[in-house]
Structure formats: structure tokens, C-alpha cells
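First up is the structure itself, then whatever we jot down about it.
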Amino acid sequence: GTSDDHTTGGKTEAMTDKTVPTCQLRLEWVYGYRGHQCRNNLVYTATNEIVYFVAGVGVVYNTRDHLQRFYLGHNDDIISLALHPDRRLVATGQVGKDPIVCVWDSVSMAAVSLLQGRHERGIACLSFSTDGQKLVSVGLDDHHTIAVWDWKKGRVLASAAGHSDRVFDVQFSPHGDGALVSCGVKHIKFWTMRGNSLDSKRGVFGKAGEIQTLLCLAFGSDGITYTGTLSGDVYRWQGASLVAAVQGAHAGPIFTLNSNEEGYATGSRDGSVRLWDTDFKPIIKLDLTTMTGGYKGLCVRSISWRGEHILVGTKDSDIYELSVRDRDKPRLLMQGHAEGELWGLATHPRQPVFATASDDQTLRIWSMKDRALLARKELDQKARSASFSPDGIHLAVGLMDGSFTVLRTKDLTEITHIKDRKEVLHEMKYSPDGAYLAVGSNDNFVDIYSVAQRYKRVGQCSGSSSFITHLDFSQDSKYLQTNSGAAERLIYKMPAGKRITNRDEVKAIHWASWTCVLGLEVNGIWEKYTDTNDINATDVVFDQETIATGDDFGLVKLFRFPCVKKGARFRKYVGHSAHVTNVRFSHDNNRLLSTGGADHAVFQWRFLPEGSPTEDGQGVEDSANEESDSDLSDVPEVDSDVEQEQQIKYDRPVYKEDLAMLKAKLNHAEKDGSSGVASKQTDKRQKAPTGSLQLEFVHGYRGYDCRSNLFYTSTGDIVYHVAAVGIVYTKTSHRQKHYLGHTDDILCLALHPTRDLAATGQVGRDATVHLWDAENVQTVSILKGGISRGVCAVDFSSDGRRLASVGLDDNHTVVIWDWKKGDKLATARGHQDKVFVIRWNPQVSDQLVTVGMKHIKFWTQTGGGITSKRGTFGDAGKLDTMMAVAFSHDGQLTLSAAANGLVYVWNGTNLSGTVKAHIGPVFAIQTVEKGYVTGGKDGIVSLWDESFKQCLKSFKIQRTALAIDPPALLYEDSPPIRSIALGHGQILVGTKNGEIIEINKTGPMTLLCQGHMQGEVWGLAMHPTEMICGTVSDDLTCRIWDLSAHRMRSIRKLQKPSRCIAYSPDGRALAVGFNNGSFSVVDSATLEDIVSFHHRKEEISDMKFSPESGKYLAVASHITLWTSTMS
């Protein structure tokens, strides 16, 4: 991209902007095919399209219309592929520490199932069973583990160690139910699946052939198995014994063996394809090396024979289609660079054409319009850089030995070859006026050559302390900027190469292109605290103010340009598996090209500027910042409650799990005598006291940081939680039952669809989810494993069989459980920021939604995996923090409640509109028979119609609306509403202030339970004669409780937090000690002040009246003890 006014100093407004760019990319074409180190990875589908893979992308290629579709569910190199018997579903396996197998639909390109958690390093081969129900996979771990999956459920049915050496092929055998055959380095094994175990029998080579490596296999009739060998023979096995060999089938290793109704096809390193009949008698030999377009050294890695046509994939990334009739003219369907790093990329200045230069010692010219190779030239060594002259007539190519060659673009004939350096040339560019060629080398210099003087060297730029990585000329061709491997950006005067350091002179330069990774303008492409060599390339479209980058993590990203602040937001695009080495825009900025280093693939993307129509394309993972920072400029101010909630940390200095260990440690220390405690104290009391305690009633409800944690059970009881107690409350008798199985604070609660089973998640180093019976409060199941810090959200699926949970770990991991068996069905990273709620769609059993800090994600459970899609906001609304979620009755619409007071209505993953529901955050939303009910921070409960357009009725929670009997005291009017439940014609509401209120739609509201709010409670005092107690808390309240009626009698707001309280002996006065060192004495009936003192600076921690007359009050502060006389 070029521009007239681009200076480094201008556009300050855009430069401080950290928002996501409005432009997007859409993957249009991938040049290449992975032929090296892979076999049998090229197939015809039922619709006669071709499926193969390259880098991390599954490709479906429609040869008739010359179009490609892409599956982008992998996050690393794909190395194996299998086609389902229905010829529509495809399974692909990848490399990686925890590699996944994806089963996907080649027509819709949707993921059908994800299989993970069984293999390490990679999935070497895959195969479906003949009935299509099972899938077998082999790992790259030391044992080459073989696993048989029920792929629809994502479950492993059986697994076993495959062999001590590499396994190259595995397939279900048609000879017997549950029979498999695997072969590899000097072995073949015949497997039988019995129950959940795999038993193997080793093949006996005997005298019929030598023991050697077997690379591929196929089956004949009557228990016969054929294998292709390293020597070029085909071995024939009967049962587990070798019975015969087809000698010299090929002159080199047989990499691929494909069978169909008509017979077999074999392909070999010798470059030929042979067809055989069903008895393995030769039909025909096709030698690709001698055909049109063939070459010596061609090596066949994959074959697929269907009727007239034979698909052939080669090691050098070419795909041919042979026709049995017209066998001398193979159709070349796809070409790509062969094995070796690919770094050189240049786009033609005037045409939709680009050039690539690779370590495979070729230079190739491609057409973006026709999506095809136009020309290739063999070079005598590896090439790492390329550049077109501004008129497009010359093409310079930088080579590995420090030399470069200049070619005529039209026929690739050489103009000159110059060698002035000894080390590789990483980068080269022509000046915009076409007068100079600048060449950057690995030995820290940039050489300037004059084009008109037959590329005579006329200047040299020195001063870099490391190799040259990037170059750019100014628009007037008078200046050159360079980047080096030591993260230096230097600027030189052309052509002599004098260094410029004057800041004003630098500021005035207008750059013709920007491909550098360093400089003020591109600070934002670097995350905070990163290494400065993991971004390999950039290119800018000036008029769209957008910069594209390619990095070491296989991502292509778009940022705004210029972007000055580190950690700017971006859109990211996946597909390349390893490092992306180069990115360049086409001359008209309509397309972006990116090259992969290790995957040597070229990706061609459509560049969609702002305002272009965005159909829901594939390959778009809009990272409206999974990894960027949270101080985002385009997100509105965060509400104080939401902000506070985000800040709450649930880490414990000591976890309950550690107690036993600490006790043992202490006992050990005491035995050693190291504690210095007198031995009398260490003598344990012989037995426990005879009396015991039984929990009768708990005052409180956890509303300040929890939500949707209040439900009606099937019997009309109310279930909720506070502290580490699950509570079932019966309102007719005002009694409670308690579930006491947890060891730390409960943070979330869900009720089973049958309404008699509760699930609660707690805080803990290895946090657990408990499932318990709401009738008899007994434990039914405990789910544990792999959730650290705590469980912050749970939900049951509509069929009640599965449970989803979200952890408080850094990734906010989502786990789907089969809770009856305690099995994990799937796990995935939830989001980098807090997740507040997870909800199953009640109608679509495999779909869920999570909402939280500035995100909403739509999840699909696919077999053993779970995939997510971000919500697409479009023009219908702005991203905000989402607090709650509900679904329409038919499951078609999703409604999410946001911190800005709006309810967002989603159709699929697209936002269709928003409705203003409350002032301030909407914390709760539920579906009712005919519509919805919402609750907000404004203390209002609103009923809405089915279309969520109209508010039918609203209830304001205030003291005047409360029923007189039982007497109730609301802490304040309009408390923030955190939870809503419906049932029995009533609306149940939980507030942030720890109150549970029942709203009768026609009558008054009833306050059922209440407790202290957020903050610690330390102060507790019993009345000397009555069943009454007083408490004070950090929540700035003093409360009096009636212990026989289990109700709060009175409440008073305090000015300061308080931690101690004491009754006078006659019960008429109460002393309250504050954290700031002052204390007051109040009337215990009215809670009004009698007298106050402030003698200390530190917290008052305890106080007592002297007995009988109560003449003295002793007040202990954190410094000293003193007494005061009460008159």
C-alpha cells in the first residue's frame, strides 16, 4: 500500500487507539499439499471433491469450480487423515503436546467430534471401521499407543501399546468383528478387540520373505492381508503368517496401497503407480517420471483410485489426477513448494501476481486471480528473499551463499549474478524510483546497487550490530530504514549510506512501504514483555490504516496502523501451523499473502476493508483480543459492582487440604521438643466432651459475588448457599436442612431438571463439585480433578445427564462431566478473563453459552471435545461485560444480560438487537411461561413479553411493599438483584445485601431470610437473659437477632467497620468497638447512641462489661488494654 501523506509523526489520534481494526481477512486459497513425511492423505469424497491437508488446514478442493473450503479446527500441523465409509465425514490428526483428532463434515465444514486426551506428540495414523461407528488412532509416543474410539461420544473403547518402533499404518480388518491390523518398522500385528482390551498377535515372516519394514496395508478376501514393503515387494499374509510375495512390484519403497472394488493401486518412491486386479495380478503401470510435467526423482506418497480416475500426491507437494484412458497426460491439480523453509515473498507492483523463493531451491511465480502456478525456475541453491522492480520487469532473488541473481520477470532468464557477501541475504528491496536495489545480508551490512549501471555497488550501510531483517525506502527514494536481529532500527541517506540521527529529519520522512517490525509506529504489535524476534514480518495498507503481521506462533494478525501502545488489540487468523515467515499485500491491496516456514505453504487471504459485506466466512477467529490487555479504549466505563467483582480473588494462603499436613508437622515439631511448649499442655485430653452441637439455622445468603444461586425444589422448598453450607429452606415452617459436605466456600449452585438434585462448586486448591439430594441432603456424587482455585459456575444439561463447570484457574477451564460416572467428557479453555455463568441450551442438547468479563461465547460439545465461537456484534451493539444468560422456549434465541443495562438478543452467534432493560447492570434473567423476567442493580424486577420488546410489569423492592407478618427489615430500598427463580406462581429474588425475598405477583413481598453482607463478621454477643444476640461486621451494620424465631429484630447502619460487641449485665446497653480505635455505647432496644469515645488509633478487638452492676467496661485495642468507668 502507498499513500501521499504518511509520516511517522502524524495521526496521533489513531496512534493512541488500541481498538481492533475494522478490516478483516477471509482465507481464499492455500497453495500446497503436505506430501513429505505423510502417507495416504488424499481422498475423493462422495461428491467427487478432493480432501487433503496442508499446514494446520483441512482442505476440500472442488476441481470443477476451482474452489477450496477449509476446516480450521486444528492448532498445529495435521499429519494424518481418514475418510469415513459414507465418504462425507473426515478425521484428521495433528502433532502437539496434547494432540487432537477432529472428525468434521466435508460439506458443511463443521466439527462433528473432537477426540483428545489419549495421545502424546502426535497422531500418526487414523482409520474408520467398516460400519463407520469406530475410529482407530496411533500416537507418536514411545509406545506408539493404539486407541479405538467411539468417535461420536469421544470415548476410548480400548487402547494398548502399539509397538516399540514406528507404526506406519493401522486399519480395521473386514475379517472378523473388532479385528485390526497394524504395521510399521519391521513388524506387523493382528489385533482383536475384546471388551475394553486389545490383544495382539505378531505376524510371522517365516521363509516366504525377509523381515523388513512394512509401510502400508490393504485387505483381500478370505482373511488375506497385503502389505507394501520398504524393498518394493508386496507381501501377502494369510491370518498372521506371510504366505507369498509379489516380487519387484516397484523399484523402491511402496508408500501407499489403496483398494476398491476393482482391485488395488500402489504408489512408490520410484515415481510410478501400478494398478492390480482383485487377486493382485498386474493390470497396468503408469510411470509419472516420464509423463508430461513429470520429472526424475518424483516420489508418490498417496493414491486414491475411483473408477476412471486416480489421484496421486507426491513428496514435493504436487497433486496429479490420472485418467486410465488418457494415461499420458496427467492433470496437475495442485502445486506447492517442496520440503524446506519458505521465506522469500514478493508481490508484483502492477499485476495480481506474486513470487516465492524457498529452501527447496526453486523460485515460483503465481497468479492470484487464477490461483495457479505460472512459472518455476530451478536455482542452484536455497533462496531466502525476492523483490520486483517498480516497473515489474526485473525480479531479484537473494540466495543462501550471500549472492543474488536478477532475472527478467517475463521468462526468468538471468540478467546478472552478483556475489559481494558470504552469508545469506534475508531481505532486498528496489527503491520506488527504480534506481537502486538495497540488499540486506546476514553479516550486518546493507549494500546499495545502481540498477542503470548494471547493478554496480554504489553504497553500503553499516552500523547494525546484527543481521539485517527488514528494509524500507522513503517515497522519494532518498532514505532507507533497516531493522536488525538485535532489535535496532537505523535510518540511512541514499545512495551513499550515511546514517541519519537528527530527529526532525527522521520525522519528516514519508515511507513508501512499511515492512519493518520496529519503530514507534509499530510498538503496539508487540505484546507487553515479549521477545522482539517472534514477529517475522509486517506489511501496511496506509489508506486503510491497517498493518498485517506474521509471527512465530502460526498466527496472521491485523492491527490498526500506526499503533503505538504496546499490547494493542487485533484480529487473529489461524491456519499456518508453525512460524509465519512473511506477509505481503497485493498491488491493489485486495489480497494478503502469507508464507509458512516449516509448512512451506502459501495462504491467500481476501482483505476486506471496513464496510465490506461480511458473510459468515470460514477461518475467521476474530480475536477481538483473547490475548490483548483489558484496558481497552472502546469499552465503556465498568460499573463499580462489576469492577469489584472482577477484583475478588479466591486464593487461600492455606487450603483446607493442607491442614492434616500442617498438624502432622506441628506434632512432629512438638515431639522433637523444638516448640518449647511445656509437656503438660501437649498431653492430649483423653476423650472428647460428651455434649455435641447440631446446626439449627444459618442467617445469610451469598449474593455479593454469586448469581443464579437460588431455586425452588420440586416440593416448593428453597435451595441456596452461604459459606460452605448448602441450605434447603422450608418457608411454611421457617426451618432449614443443611448440606455440610463442602470444606470451603461454595461459589455456585445448579438444580437438576427434576428439581430434587443440587450441584454446588467450592473454593479449593483442587476444587470439587458436589451433587447432593435436596430432600435428604446426602451426597450423591463428588466430581474432582484438574480444577484449581475454585469452581465459579455450574449447570445441568436439559436431559440431566451431563454437568458443565467453569474453574477459577487462569484459563477459566470449562469441563463437561458425566456426573453419574464421574467421567470428564470434554475440557476446553474458557476465556482469559472471569467467566460468570455457563448455561446449556434447553432445546439443543449439545450447545452451551458462557458469559463474563467483556465476552460471550457459544459452545458446541462435539464428541470428546468442545468448540467455541465468539458472539458477532456487527452493527447491532457494542461488546460489554455479560452477567447472565437465558434462552427462548424453542432454544433459537439467546438473551444475555449486560453490565450496561441492556439485554442482548442473539440469533445463533449473531447479535440481532439490544433492549434497554435496567439502569445499571442487569444481573439476572430467566425464562418464564410467556416471556422473561429480569433483575438489575436498580432493585427492580421486570416481566417481559415473549419477543422481549415490551415490559409488562415491574416490581420495585422497597420496605413499603413488604408484608407486615412476619415483621421484616430491609437493609435498604432497591437492593441490587443478583438471582431470580420462578415457581409456584411466585418470583424468588436474592439480593446483593444477603436477603431472600418472595414476590407474589399480585400481593405483597415476603422477606424469608437475610444475613450480613460482604465483609468479615467478628463481633458477637449474647443477651444476658433473653434468646437474643447482637453482631457487628465489616459491612458497617450492627444487627440484633431473635434466636428462637430465627429472625433479625433490628439493624443499624454504622459509620465505620466494627469487630467487637458486648451486652451490659442488664441487657439494656450494648458496647460496640470500631476498627479506627473508637467505641460507642448504644441503647440495645433502639440502637441509638448513648455515649462515644475515641482514645486509640488501632482497632478495638474485644470489650467486656464487669459483672453484676456493669460498673466497668474493659476495652482491648490492638495496642494496650485500658478500662473506663461507666457512670
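FYI, nothing fancy with the C-alpha cells labels: chains A, B, ... in order, residues from 1 per chain, ligands from 1 as they appear.
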Next item on the list: For Phe280 of chain A, list every protein, DNA or RNA residue within 10 Å, evaluated using only C-alpha atoms, and leave out those in the same chain fewer than 3 positions away; present the list as number ranges by chain.
Entry: A: 220, 226, 234, 236, 246, 263-265, 275-277, 283
Which segment 770-832 of chain A residues have any atom within 9 Å of an atom of segment 856-863 of chain A, and for each, what is the nearest pair of atoms with distance in Å to one decimal, counting only C-alpha atoms, rows sorted by chain and number, as a Markdown table?
| residue | atom | partner | partner_atom | distance |
| --- | --- | --- | --- | --- |
| A:Ile816 | CA | A:Gln861 | CA | 8.5 |
| A:Leu825 | CA | A:Gly863 | CA | 8.0 |
| A:Ala826 | CA | A:Gln861 | CA | 7.7 |
| A:Gly830 | CA | A:Lys857 | CA | 8.6 |
| A:His831 | CA | A:Lys857 | CA | 8.8 |
Now that the selection is made, can you save its residues with N, CA and C atoms as a PDB file, in the first residue's frame?
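The result, written out as selection.pdb:
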ATOM      1  N   ILE A 816     -16.957 -30.634  30.895  1.00  0.00           N
ATOM      2  CA  ILE A 816     -18.276 -31.279  30.805  1.00  0.00           C
ATOM      3  C   ILE A 816     -18.134 -32.673  31.421  1.00  0.00           C
ATOM      4  N   LEU A 825     -16.077 -35.635  30.148  1.00  0.00           N
ATOM      5  CA  LEU A 825     -16.380 -35.913  28.733  1.00  0.00           C
ATOM      6  C   LEU A 825     -15.593 -34.989  27.825  1.00  0.00           C
ATOM      7  N   ALA A 826     -15.332 -33.766  28.283  1.00  0.00           N
ATOM      8  CA  ALA A 826     -14.606 -32.799  27.450  1.00  0.00           C
ATOM      9  C   ALA A 826     -14.089 -31.672  28.324  1.00  0.00           C
ATOM     10  N   GLY A 830     -11.734 -21.759  28.789  1.00  0.00           N
ATOM     11  CA  GLY A 830     -12.957 -20.960  28.738  1.00  0.00           C
ATOM     12  C   GLY A 830     -12.703 -19.573  28.175  1.00  0.00           C
ATOM     13  N   HIS A 831     -11.946 -18.765  28.908  1.00  0.00           N
ATOM     14  CA  HIS A 831     -11.654 -17.401  28.479  1.00  0.00           C
ATOM     15  C   HIS A 831     -10.543 -16.904  29.385  1.00  0.00           C
TER      16      HIS A 831
END
Next item on the list: Return the single residue from A:Asp717, A:Asp833, A:Asp391, A:Asp420 that is closest to Asp433 of chain A, with distances computed using only C-alpha atoms.
Entry: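 Nearest to Asp433 of chain A: A:Asp391.
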Notebook entry, point to check: Between atom CA of Gln37 of chain A and atom CA of Tyr52 of chain A, what is the distance, to one decimal in Å?
Noted result: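 That distance, rounded to one decimal, is 14.1 Å.
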Determine, counting only C-alpha atoms, which protein, DNA and RNA residues have an atom within 9 Å of an atom of Tyr904 of chain A; residues of the same chain fewer than 2 positions away are not included. Present the result as a PDB file with N, CA, C and O atoms, in the first residue's frame.
ATOM      1  N   GLY A 877     -24.713  -3.792  18.180  1.00  0.00           N
ATOM      2  CA  GLY A 877     -24.393  -3.464  19.571  1.00  0.00           C
ATOM      3  C   GLY A 877     -22.905  -3.487  19.809  1.00  0.00           C
ATOM      4  O   GLY A 877     -22.139  -3.897  18.946  1.00  0.00           O
ATOM      5  N   THR A 894     -30.876 -16.569  22.099  1.00  0.00           N
ATOM      6  CA  THR A 894     -30.147 -16.484  23.368  1.00  0.00           C
ATOM      7  C   THR A 894     -30.234 -15.036  23.827  1.00  0.00           C
ATOM      8  O   THR A 894     -30.031 -14.126  23.025  1.00  0.00           O
ATOM      9  N   LEU A 895     -30.551 -14.834  25.114  1.00  0.00           N
ATOM     10  CA  LEU A 895     -30.601 -13.474  25.655  1.00  0.00           C
ATOM     11  C   LEU A 895     -29.509 -13.324  26.699  1.00  0.00           C
ATOM     12  O   LEU A 895     -29.433 -14.130  27.622  1.00  0.00           O
ATOM     13  N   SER A 896     -28.645 -12.334  26.523  1.00  0.00           N
ATOM     14  CA  SER A 896     -27.597 -12.129  27.524  1.00  0.00           C
ATOM     15  C   SER A 896     -27.775 -10.762  28.163  1.00  0.00           C
ATOM     16  O   SER A 896     -28.058  -9.777  27.480  1.00  0.00           O
ATOM     17  N   ALA A 897     -27.628 -10.744  29.492  1.00  0.00           N
ATOM     18  CA  ALA A 897     -27.847  -9.514  30.255  1.00  0.00           C
ATOM     19  C   ALA A 897     -26.501  -8.860  30.515  1.00  0.00           C
ATOM     20  O   ALA A 897     -25.561  -9.518  30.935  1.00  0.00           O
ATOM     21  N   ALA A 898     -26.408  -7.561  30.250  1.00  0.00           N
ATOM     22  CA  ALA A 898     -25.096  -6.913  30.258  1.00  0.00           C
ATOM     23  C   ALA A 898     -24.960  -5.889  31.375  1.00  0.00           C
ATOM     24  O   ALA A 898     -25.937  -5.427  31.969  1.00  0.00           O
ATOM     25  N   LEU A 902     -28.345  -3.238  29.219  1.00  0.00           N
ATOM     26  CA  LEU A 902     -29.049  -3.752  28.038  1.00  0.00           C
ATOM     27  C   LEU A 902     -29.193  -5.263  28.130  1.00  0.00           C
ATOM     28  O   LEU A 902     -28.393  -5.941  28.765  1.00  0.00           O
ATOM     29  N   TRP A 906     -29.619 -12.679  20.754  1.00  0.00           N
ATOM     30  CA  TRP A 906     -28.750 -13.348  19.762  1.00  0.00           C
ATOM     31  C   TRP A 906     -29.535 -14.374  18.984  1.00  0.00           C
ATOM     32  O   TRP A 906     -30.309 -15.136  19.552  1.00  0.00           O
ATOM     33  N   LEU A 911     -25.619 -11.145  16.809  1.00  0.00           N
ATOM     34  CA  LEU A 911     -26.468 -10.255  17.602  1.00  0.00           C
ATOM     35  C   LEU A 911     -27.546  -9.672  16.703  1.00  0.00           C
ATOM     36  O   LEU A 911     -27.248  -9.111  15.656  1.00  0.00           O
ATOM     37  N   SER A 912     -28.828  -9.843  17.120  1.00  0.00           N
ATOM     38  CA  SER A 912     -29.869  -9.257  16.273  1.00  0.00           C
ATOM     39  C   SER A 912     -30.378  -7.936  16.838  1.00  0.00           C
ATOM     40  O   SER A 912     -30.979  -7.159  16.116  1.00  0.00           O
ATOM     41  N   GLY A 913     -30.140  -7.662  18.131  1.00  0.00           N
ATOM     42  CA  GLY A 913     -30.562  -6.365  18.660  1.00  0.00           C
ATOM     43  C   GLY A 913     -30.366  -6.288  20.161  1.00  0.00           C
ATOM     44  O   GLY A 913     -30.004  -7.269  20.808  1.00  0.00           O
ATOM     45  N   THR A 914     -30.598  -5.087  20.723  1.00  0.00           N
ATOM     46  CA  THR A 914     -30.492  -4.917  22.170  1.00  0.00           C
ATOM     47  C   THR A 914     -31.714  -4.171  22.684  1.00  0.00           C
ATOM     48  O   THR A 914     -32.355  -3.437  21.935  1.00  0.00           O
ATOM     49  N   VAL A 915     -32.039  -4.398  23.971  1.00  0.00           N
ATOM     50  CA  VAL A 915     -33.183  -3.730  24.598  1.00  0.00           C
ATOM     51  C   VAL A 915     -32.712  -3.146  25.927  1.00  0.00           C
ATOM     52  O   VAL A 915     -32.046  -3.835  26.705  1.00  0.00           O
ATOM     53  N   LYS A 916     -33.050  -1.892  26.197  1.00  0.00           N
ATOM     54  CA  LYS A 916     -32.680  -1.283  27.479  1.00  0.00           C
ATOM     55  C   LYS A 916     -33.615  -1.833  28.539  1.00  0.00           C
ATOM     56  O   LYS A 916     -34.824  -1.639  28.474  1.00  0.00           O
TER      57      LYS A 916
END
Margin query: Would you pick out the contacts of Val574 of chain A at 12 Å or less, using only C-alpha atoms, so that residues sharing its chain but fewer than 5 positions from it are not included, and give the list as a PyMOL selection string?
Written below: chain A and resi 25-27+55-57+70-77+550-551+553-557+579-580+594+596+603+605+618-623
Dump of N, CA, C and O atoms for the selected residues, as a short mmCIF file (atom, residue, chain, number, x, y, z; two decimals), in the first residue's frame:
data_model
loop_
_atom_site.label_atom_id
_atom_site.label_comp_id
_atom_site.auth_asym_id
_atom_site.auth_seq_id
_atom_site.Cartn_x
_atom_site.Cartn_y
_atom_site.Cartn_z
N LEU A 25 -9.83 -10.39 7.32
CA LEU A 25 -9.28 -11.29 6.29
C LEU A 25 -10.21 -12.48 6.15
O LEU A 25 -10.87 -12.88 7.10
N ARG A 26 -10.26 -13.04 4.94
CA ARG A 26 -11.03 -14.25 4.70
C ARG A 26 -10.13 -15.18 3.89
O ARG A 26 -9.64 -14.78 2.84
N LEU A 27 -9.89 -16.37 4.37
CA LEU A 27 -8.99 -17.30 3.64
C LEU A 27 -9.64 -17.69 2.32
O LEU A 27 -10.79 -18.10 2.27
N ALA A 55 -0.28 -27.74 6.22
CA ALA A 55 -0.10 -26.97 7.46
C ALA A 55 -1.15 -27.44 8.47
O ALA A 55 -1.31 -28.63 8.68
N GLY A 56 -1.91 -26.50 9.06
CA GLY A 56 -2.93 -26.88 10.05
C GLY A 56 -4.32 -26.82 9.49
O GLY A 56 -5.30 -26.69 10.22
N VAL A 57 -4.45 -26.92 8.15
CA VAL A 57 -5.75 -26.72 7.49
C VAL A 57 -6.19 -27.99 6.75
O VAL A 57 -5.42 -28.57 5.99
N PHE A 70 -12.35 -24.74 3.79
CA PHE A 70 -11.31 -25.01 4.78
C PHE A 70 -11.87 -25.45 6.12
O PHE A 70 -12.86 -24.91 6.59
N TYR A 71 -11.22 -26.44 6.73
CA TYR A 71 -11.51 -26.79 8.12
C TYR A 71 -10.35 -26.29 8.98
O TYR A 71 -9.20 -26.66 8.75
N LEU A 72 -10.67 -25.41 9.95
CA LEU A 72 -9.61 -24.75 10.71
C LEU A 72 -9.66 -25.05 12.20
O LEU A 72 -9.30 -24.23 13.04
N GLY A 73 -10.08 -26.27 12.54
CA GLY A 73 -10.22 -26.61 13.96
C GLY A 73 -8.95 -27.07 14.63
O GLY A 73 -8.93 -27.30 15.83
N HIS A 74 -7.85 -27.26 13.86
CA HIS A 74 -6.60 -27.72 14.48
C HIS A 74 -5.74 -26.54 14.92
O HIS A 74 -5.88 -25.43 14.39
N ASN A 75 -4.82 -26.79 15.86
CA ASN A 75 -3.94 -25.71 16.28
C ASN A 75 -2.47 -26.05 16.03
O ASN A 75 -1.58 -25.41 16.56
N ASP A 76 -2.21 -27.09 15.23
CA ASP A 76 -0.84 -27.44 14.87
C ASP A 76 -0.90 -28.27 13.59
O ASP A 76 -1.98 -28.58 13.09
N ASP A 77 0.29 -28.65 13.07
CA ASP A 77 0.37 -29.42 11.83
C ASP A 77 -0.53 -30.65 11.82
O ASP A 77 -0.45 -31.47 12.73
N GLY A 550 2.99 -11.41 10.72
CA GLY A 550 3.12 -12.88 10.76
C GLY A 550 4.08 -13.22 11.88
O GLY A 550 5.14 -12.61 11.97
N ASP A 551 3.73 -14.19 12.76
CA ASP A 551 4.58 -14.43 13.93
C ASP A 551 4.97 -15.90 14.10
O ASP A 551 4.55 -16.76 13.34
N PHE A 553 4.02 -17.96 16.19
CA PHE A 553 3.00 -18.83 16.76
C PHE A 553 1.99 -19.28 15.70
O PHE A 553 0.92 -19.78 16.01
N GLY A 554 2.34 -19.06 14.42
CA GLY A 554 1.47 -19.51 13.34
C GLY A 554 0.28 -18.62 13.11
O GLY A 554 -0.67 -19.02 12.44
N LEU A 555 0.31 -17.39 13.64
CA LEU A 555 -0.85 -16.51 13.50
C LEU A 555 -0.57 -15.39 12.52
O LEU A 555 0.52 -14.84 12.47
N VAL A 556 -1.59 -15.06 11.73
CA VAL A 556 -1.57 -13.82 10.95
C VAL A 556 -2.51 -12.88 11.70
O VAL A 556 -3.63 -13.27 12.05
N LYS A 557 -2.05 -11.66 11.97
CA LYS A 557 -2.87 -10.73 12.75
C LYS A 557 -3.04 -9.42 12.00
O LYS A 557 -2.16 -9.02 11.24
N HIS A 579 5.82 -21.26 12.27
CA HIS A 579 6.03 -19.81 12.18
C HIS A 579 5.61 -19.29 10.80
O HIS A 579 5.83 -19.92 9.78
N VAL A 580 4.98 -18.12 10.82
CA VAL A 580 4.64 -17.42 9.58
C VAL A 580 5.84 -16.54 9.24
O VAL A 580 6.25 -15.70 10.04
N SER A 594 0.46 -14.87 2.80
CA SER A 594 1.33 -15.20 3.94
C SER A 594 2.02 -16.51 3.65
O SER A 594 1.45 -17.39 3.01
N GLY A 596 4.35 -19.85 5.16
CA GLY A 596 4.70 -20.61 6.36
C GLY A 596 6.11 -21.14 6.24
O GLY A 596 6.52 -21.59 5.16
N PHE A 603 -0.63 -18.99 1.86
CA PHE A 603 -2.06 -18.74 2.09
C PHE A 603 -2.41 -17.43 1.39
O PHE A 603 -1.70 -16.44 1.52
N TRP A 605 -5.32 -14.64 1.26
CA TRP A 605 -6.48 -14.13 2.00
C TRP A 605 -7.12 -12.99 1.24
O TRP A 605 -6.43 -12.18 0.64
N GLN A 618 -15.35 -18.65 6.66
CA GLN A 618 -14.65 -19.59 7.49
C GLN A 618 -13.30 -19.02 7.83
O GLN A 618 -12.80 -18.13 7.19
N GLY A 619 -12.69 -19.61 8.80
CA GLY A 619 -11.32 -19.25 9.10
C GLY A 619 -11.22 -17.93 9.79
O GLY A 619 -10.17 -17.35 9.89
N VAL A 620 -12.36 -17.39 10.25
CA VAL A 620 -12.24 -16.11 10.89
C VAL A 620 -12.35 -16.36 12.36
O VAL A 620 -13.40 -16.66 12.87
N GLU A 621 -11.25 -16.26 13.06
CA GLU A 621 -11.35 -16.29 14.50
C GLU A 621 -11.06 -14.87 14.88
O GLU A 621 -9.93 -14.46 14.90
N ASP A 622 -12.10 -14.06 15.09
CA ASP A 622 -11.82 -12.66 15.37
C ASP A 622 -11.35 -12.58 16.77
O ASP A 622 -12.11 -12.71 17.68
N SER A 623 -10.09 -12.34 16.97
CA SER A 623 -9.64 -12.28 18.31
C SER A 623 -9.87 -10.90 18.71
O SER A 623 -8.96 -10.14 18.75
#
Checklist line | Proximity to Leu215 of chain A - best of A:Leu230, A:Ala160, A:Val522, A:Ala245, only C-alpha atoms | finding: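 Checking each of A:Leu230, A:Ala160, A:Val522, A:Ala245 against Leu215 of chain A, counting only C-alpha atoms, the winner is A:Leu230.
Computed from the coordinates, the atom CA of Lys410 of chain A to atom CA of Ile393 of chain A distance equals 7.3 Å.
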Checklist line | Best match for closeness to Arg34 of chain A among A:Asn260, A:Thr19, A:Met334, A:Leu298, counting only C-alpha atoms | finding: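 Looking at the shortest contact to Arg34 of chain A, the residue is A:Met334.
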Would you pick out the contacts of Thr256 of chain A at 9 Å or less, using only C-alpha atoms, so that residues sharing its chain but fewer than 3 positions from it are not included, and give the list as an mmCIF file with C-alpha atoms, in the first residue's frame?
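Output file part_22.cif is given in full below:
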data_model
loop_
_atom_site.group_PDB
_atom_site.id
_atom_site.type_symbol
_atom_site.label_atom_id
_atom_site.label_comp_id
_atom_site.auth_asym_id
_atom_site.auth_seq_id
_atom_site.Cartn_x
_atom_site.Cartn_y
_atom_site.Cartn_z
ATOM 1 C CA ARG A 39 1.104 -41.089 3.529
ATOM 2 C CA ASN A 40 -2.440 -41.916 2.404
ATOM 3 C CA LEU A 215 4.686 -49.123 5.110
ATOM 4 C CA CYS A 216 1.038 -49.658 4.162
ATOM 5 C CA LEU A 217 -1.672 -52.293 4.110
ATOM 6 C CA GLY A 228 3.694 -52.707 0.873
ATOM 7 C CA ALA A 265 -3.387 -49.337 -6.623
ATOM 8 C CA THR A 266 0.177 -48.978 -5.342
ATOM 9 C CA GLY A 267 2.485 -45.966 -5.377
ATOM 10 C CA SER A 268 6.199 -45.881 -4.715
ATOM 11 C CA VAL A 300 4.491 -40.990 -4.844
ATOM 12 C CA ARG A 301 3.217 -40.706 -1.240
ATOM 13 C CA SER A 302 -0.551 -41.091 -1.609
ATOM 14 C CA ILE A 303 -3.020 -42.690 -4.008
#
Checklist line | All residues 12 Å or closer to Ser108 of chain A, only C-alpha atoms, same chain fewer than 3 positions away omitted, as a PyMOL selection string | finding: chain A and resi 60+69-71+88-90+104-105+111-112+617-618
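Neighbours of segment 657-660 of chain A closer than or equal to 9 Å, with only C-alpha atoms counted and sequence neighbours fewer than 6 positions away skipped, come out as Thr743, Gly764, Arg765 and Asp766 of chain A.
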Go ahead and write the residues just picked, N, CA, C and O atoms, as a tab-separated table (two decimals), in the first residue's frame.
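Written out: again29.tsv:
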chain	number	residue	atom	x	y	z
A	743	THR	N	-15.82	-28.29	52.10
A	743	THR	CA	-14.76	-27.93	53.04
A	743	THR	C	-14.37	-26.46	52.93
A	743	THR	O	-13.51	-26.00	53.64
A	764	GLY	N	-11.02	-24.16	46.38
A	764	GLY	CA	-10.07	-25.19	46.84
A	764	GLY	C	-8.90	-25.28	45.89
A	764	GLY	O	-9.01	-24.93	44.72
A	765	ARG	N	-7.76	-25.74	46.41
A	765	ARG	CA	-6.60	-25.88	45.53
A	765	ARG	C	-6.96	-26.87	44.41
A	765	ARG	O	-6.73	-26.64	43.25
A	766	ASP	N	-7.57	-28.01	44.80
A	766	ASP	CA	-8.08	-28.96	43.82
A	766	ASP	C	-9.58	-28.99	44.06
A	766	ASP	O	-10.08	-29.79	44.84
